[in-house]
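Worksheet: one structure, shown below.
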Amino acid sequence: MSVRGLAHVAIQANDYQGTIRFYTEVLGFTRGHHWSLPSFQIKEACMLVSADRRTCIEIFDREAVIPAQGKKAASEEEIAHGALLHLAFYVDDAEEVYHKALAHGAKICAEPSRLSLGQPPLIVNNALIYSPNGEVIEFIEEVDFNVSSHK
């Protein structure tokens with residue numbers, strides 16, 4: 001048995017409906033199954049499904065009692081530290097999606113750039129934003145990180 005891929009990432013939303021709107025209207029996710037689970041104080045939860053139907057983002061309401069890594073930020077200005085640093089989505093045009101996200105309430109984290117990583121150089125076109133809910137999201141154009149395929 002081996003891992004076949006990433007199934008989903010879970011986010012606790014300060015603004016449940018606003019977070020869903022951002023991921024659906026800006027990033028093209030569709031709203032999938034939704035539920036409540038009183039035993040975990042979950043009033044609202046849903047699974048957002050990516051365009052390729054392989055990756056999901058699970059959204060929980062603000063009051064849900066869900067195990068989490070790291071600590072919550074005390075304010076919007078504070079950075080929360082934990083194991084998860086950012087989410088990265090492959091996009092056709094990082095700059096275009098970056099500007100679309102900013103137009104929908106995201107904040108600048110790192111402007112679109114072309115980076116040269118390591119030796120031999122691997123060229124990466126990307127941009128990063130803070131979503132309206134606070135997640136750091138990277139938009140990255142298709143790149144092959146599998147070094148064995150470069151030989």
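Just so we're on the same page: first chain in the structure tokens is A, next is B, and so on; residues restart at 1 for each chain, and ligands are numbered from 1 in the order they show up.
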Write out as CSV the residues of region 38-128 of chain A that have any atom within 7 Å of an atom of region 6-29 of chain A, one row each with the nearest atom pair and its distance in Å to one decimal, counting only C-alpha atoms, sorted by chain and then rising number.
```
residue,atom,partner,partner_atom,distance
A:Leu48,CA,A:Phe29,CA,5.8
A:Val49,CA,A:Phe29,CA,5.2
A:Ser50,CA,A:Phe29,CA,4.7
A:Ala51,CA,A:Phe29,CA,6.1
A:Arg54,CA,A:Ala7,CA,7.0
A:Thr55,CA,A:Ala7,CA,5.3
A:Cys56,CA,A:His8,CA,4.4
A:Ile57,CA,A:Val9,CA,5.0
A:Glu58,CA,A:Ala10,CA,4.4
A:Ile59,CA,A:Ile11,CA,5.0
A:Phe60,CA,A:Gln12,CA,4.7
A:Asp61,CA,A:Tyr16,CA,5.5
A:Arg62,CA,A:Asn14,CA,5.2
A:Lys100,CA,A:Val26,CA,6.6
A:Ala101,CA,A:Val26,CA,6.1
```
(request) Would you return as number ranges by chain the members of chain A that DSSP assigns to strand (DSSP E or B) on this structure's backbone? (result) A: 8-12, 30-37, 42-49, 56-60, 87-91, 107-117, 122-130, 136-141
Residues at most 8 Å from Ile137 (chain A), counting only C-alpha atoms, excluding those fewer than 5 positions away in the same chain, as a JSON list (two decimals) with all heavy atoms, in the first residue's frame?
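Saved result, around-v4.json, follows:
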```json
[["chain", "number", "residue", "atom", "x", "y", "z"],
["A", 86, "HIS", "N", 1.66, 26.74, 3.67],
["A", 86, "HIS", "CA", 0.79, 27.33, 2.65],
["A", 86, "HIS", "C", 0.16, 26.23, 1.81],
["A", 86, "HIS", "O", 0.58, 25.08, 1.85],
["A", 86, "HIS", "CB", 1.56, 28.32, 1.76],
["A", 86, "HIS", "CG", 2.63, 27.71, 0.91],
["A", 86, "HIS", "ND1", 3.94, 27.62, 1.32],
["A", 86, "HIS", "CD2", 2.60, 27.18, -0.34],
["A", 86, "HIS", "CE1", 4.67, 27.05, 0.38],
["A", 86, "HIS", "NE2", 3.87, 26.76, -0.66],
["A", 87, "LEU", "N", -0.86, 26.61, 1.05],
["A", 87, "LEU", "CA", -1.48, 25.74, 0.06],
["A", 87, "LEU", "C", -0.95, 26.18, -1.29],
["A", 87, "LEU", "O", -0.79, 27.38, -1.52],
["A", 87, "LEU", "CB", -3.00, 25.90, 0.06],
["A", 87, "LEU", "CG", -3.73, 25.76, 1.37],
["A", 87, "LEU", "CD1", -5.21, 26.07, 1.17],
["A", 87, "LEU", "CD2", -3.56, 24.37, 1.92],
["A", 88, "ALA", "N", -0.69, 25.25, -2.19],
["A", 88, "ALA", "CA", -0.22, 25.61, -3.53],
["A", 88, "ALA", "C", -1.13, 24.96, -4.56],
["A", 88, "ALA", "O", -1.42, 23.77, -4.47],
["A", 88, "ALA", "CB", 1.22, 25.17, -3.73],
["A", 89, "PHE", "N", -1.58, 25.77, -5.51],
["A", 89, "PHE", "CA", -2.43, 25.28, -6.59],
["A", 89, "PHE", "C", -1.76, 25.51, -7.92],
["A", 89, "PHE", "O", -1.26, 26.60, -8.20],
["A", 89, "PHE", "CB", -3.78, 26.02, -6.58],
["A", 89, "PHE", "CG", -4.59, 25.79, -5.35],
["A", 89, "PHE", "CD1", -4.76, 26.82, -4.44],
["A", 89, "PHE", "CD2", -5.17, 24.57, -5.09],
["A", 89, "PHE", "CE1", -5.51, 26.62, -3.28],
["A", 89, "PHE", "CE2", -5.92, 24.36, -3.94],
["A", 89, "PHE", "CZ", -6.09, 25.38, -3.04],
["A", 128, "LEU", "N", 2.05, 34.54, -4.46],
["A", 128, "LEU", "CA", 1.40, 34.13, -3.21],
["A", 128, "LEU", "C", 0.49, 35.23, -2.70],
["A", 128, "LEU", "O", 0.82, 36.42, -2.80],
["A", 128, "LEU", "CB", 2.43, 33.80, -2.12],
["A", 128, "LEU", "CG", 3.19, 32.49, -2.29],
["A", 128, "LEU", "CD1", 4.42, 32.69, -3.12],
["A", 128, "LEU", "CD2", 3.54, 31.91, -0.94],
["A", 129, "ILE", "N", -0.65, 34.80, -2.13],
["A", 129, "ILE", "CA", -1.60, 35.74, -1.53],
["A", 129, "ILE", "C", -2.00, 35.24, -0.14],
["A", 129, "ILE", "O", -1.79, 34.07, 0.20],
["A", 129, "ILE", "CB", -2.87, 35.91, -2.41],
["A", 129, "ILE", "CG1", -3.56, 34.58, -2.73],
["A", 129, "ILE", "CG2", -2.53, 36.61, -3.70],
["A", 129, "ILE", "CD1", -4.75, 34.29, -1.90],
["A", 130, "TYR", "N", -2.56, 36.15, 0.65],
["A", 130, "TYR", "CA", -3.27, 35.78, 1.86],
["A", 130, "TYR", "C", -4.74, 35.79, 1.47],
["A", 130, "TYR", "O", -5.26, 36.81, 1.01],
["A", 130, "TYR", "CB", -3.05, 36.80, 2.99],
["A", 130, "TYR", "CG", -1.63, 36.88, 3.47],
["A", 130, "TYR", "CD1", -0.79, 37.91, 3.07],
["A", 130, "TYR", "CD2", -1.11, 35.93, 4.34],
["A", 130, "TYR", "CE1", 0.52, 37.99, 3.51],
["A", 130, "TYR", "CE2", 0.20, 35.99, 4.79],
["A", 130, "TYR", "CZ", 1.00, 37.03, 4.37],
["A", 130, "TYR", "OH", 2.30, 37.11, 4.81],
["A", 131, "SER", "N", -5.43, 34.66, 1.61],
["A", 131, "SER", "CA", -6.85, 34.62, 1.26],
["A", 131, "SER", "C", -7.62, 35.52, 2.21],
["A", 131, "SER", "O", -7.11, 35.88, 3.28],
["A", 131, "SER", "CB", -7.39, 33.18, 1.35],
["A", 131, "SER", "OG", -7.67, 32.86, 2.70]]
```
(message) Ranking A:Gly118, A:Gly5, A:Pro38, A:Gly134 by minimum distance to Leu85 (chain A) and counting only C-alpha atoms, which one comes first?
(response)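 For Leu85 (chain A), the nearest of the candidates is A:Gly134.
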(request) List every residue of chain A that DSSP, applied to the backbone of this structure, places in alpha helix (DSSP H), and write the result as JSON, numbers by chain. (result) {"A": [16, 17, 18, 19, 20, 21, 94, 95, 96, 97, 98, 99, 100, 101, 102, 103]}
(message) Residues within 12 Å of Ser116 (chain A), please, as a list in words. Count only C-alpha atoms; anything in the same chain fewer than 4 positions from it doesn't count.
(response)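 Near neighbours after the sequence-gap exclusion: Pro120, Pro121, Leu122, Ile123, Val124, Asn125, Asn126 and Val143 of chain A.
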(message) If I take CA of Ala127 (chain A) and CA of Tyr90 (chain A), how far is one from the other in Å, to one decimal?
(response)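 Interatomic distance, CA of Ala127 (chain A) to CA of Tyr90 (chain A): 11.0 Å.
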(message) So the first atom is CA of Phe40 (chain A) and the second is CA of Glu63 (chain A); what is the distance between them in Å, to one decimal place?
(response)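 Between CA of Phe40 (chain A) and CA of Glu63 (chain A) the gap works out to 9.4 Å.
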(message) For a test of reading the model, state the distance in Å between CA of Asn133 (chain A) and CA of Leu115 (chain A), rounded to one decimal.
(response) 26.9 Å
(request) Pick out the residues sitting within 8 Å of Val91 (chain A), and hand them over as a ChimeraX atom specification; count only C-alpha atoms, and ignore anything fewer than 2 positions along from it in its own chain. (result) /A:89,93-94,97,139-142
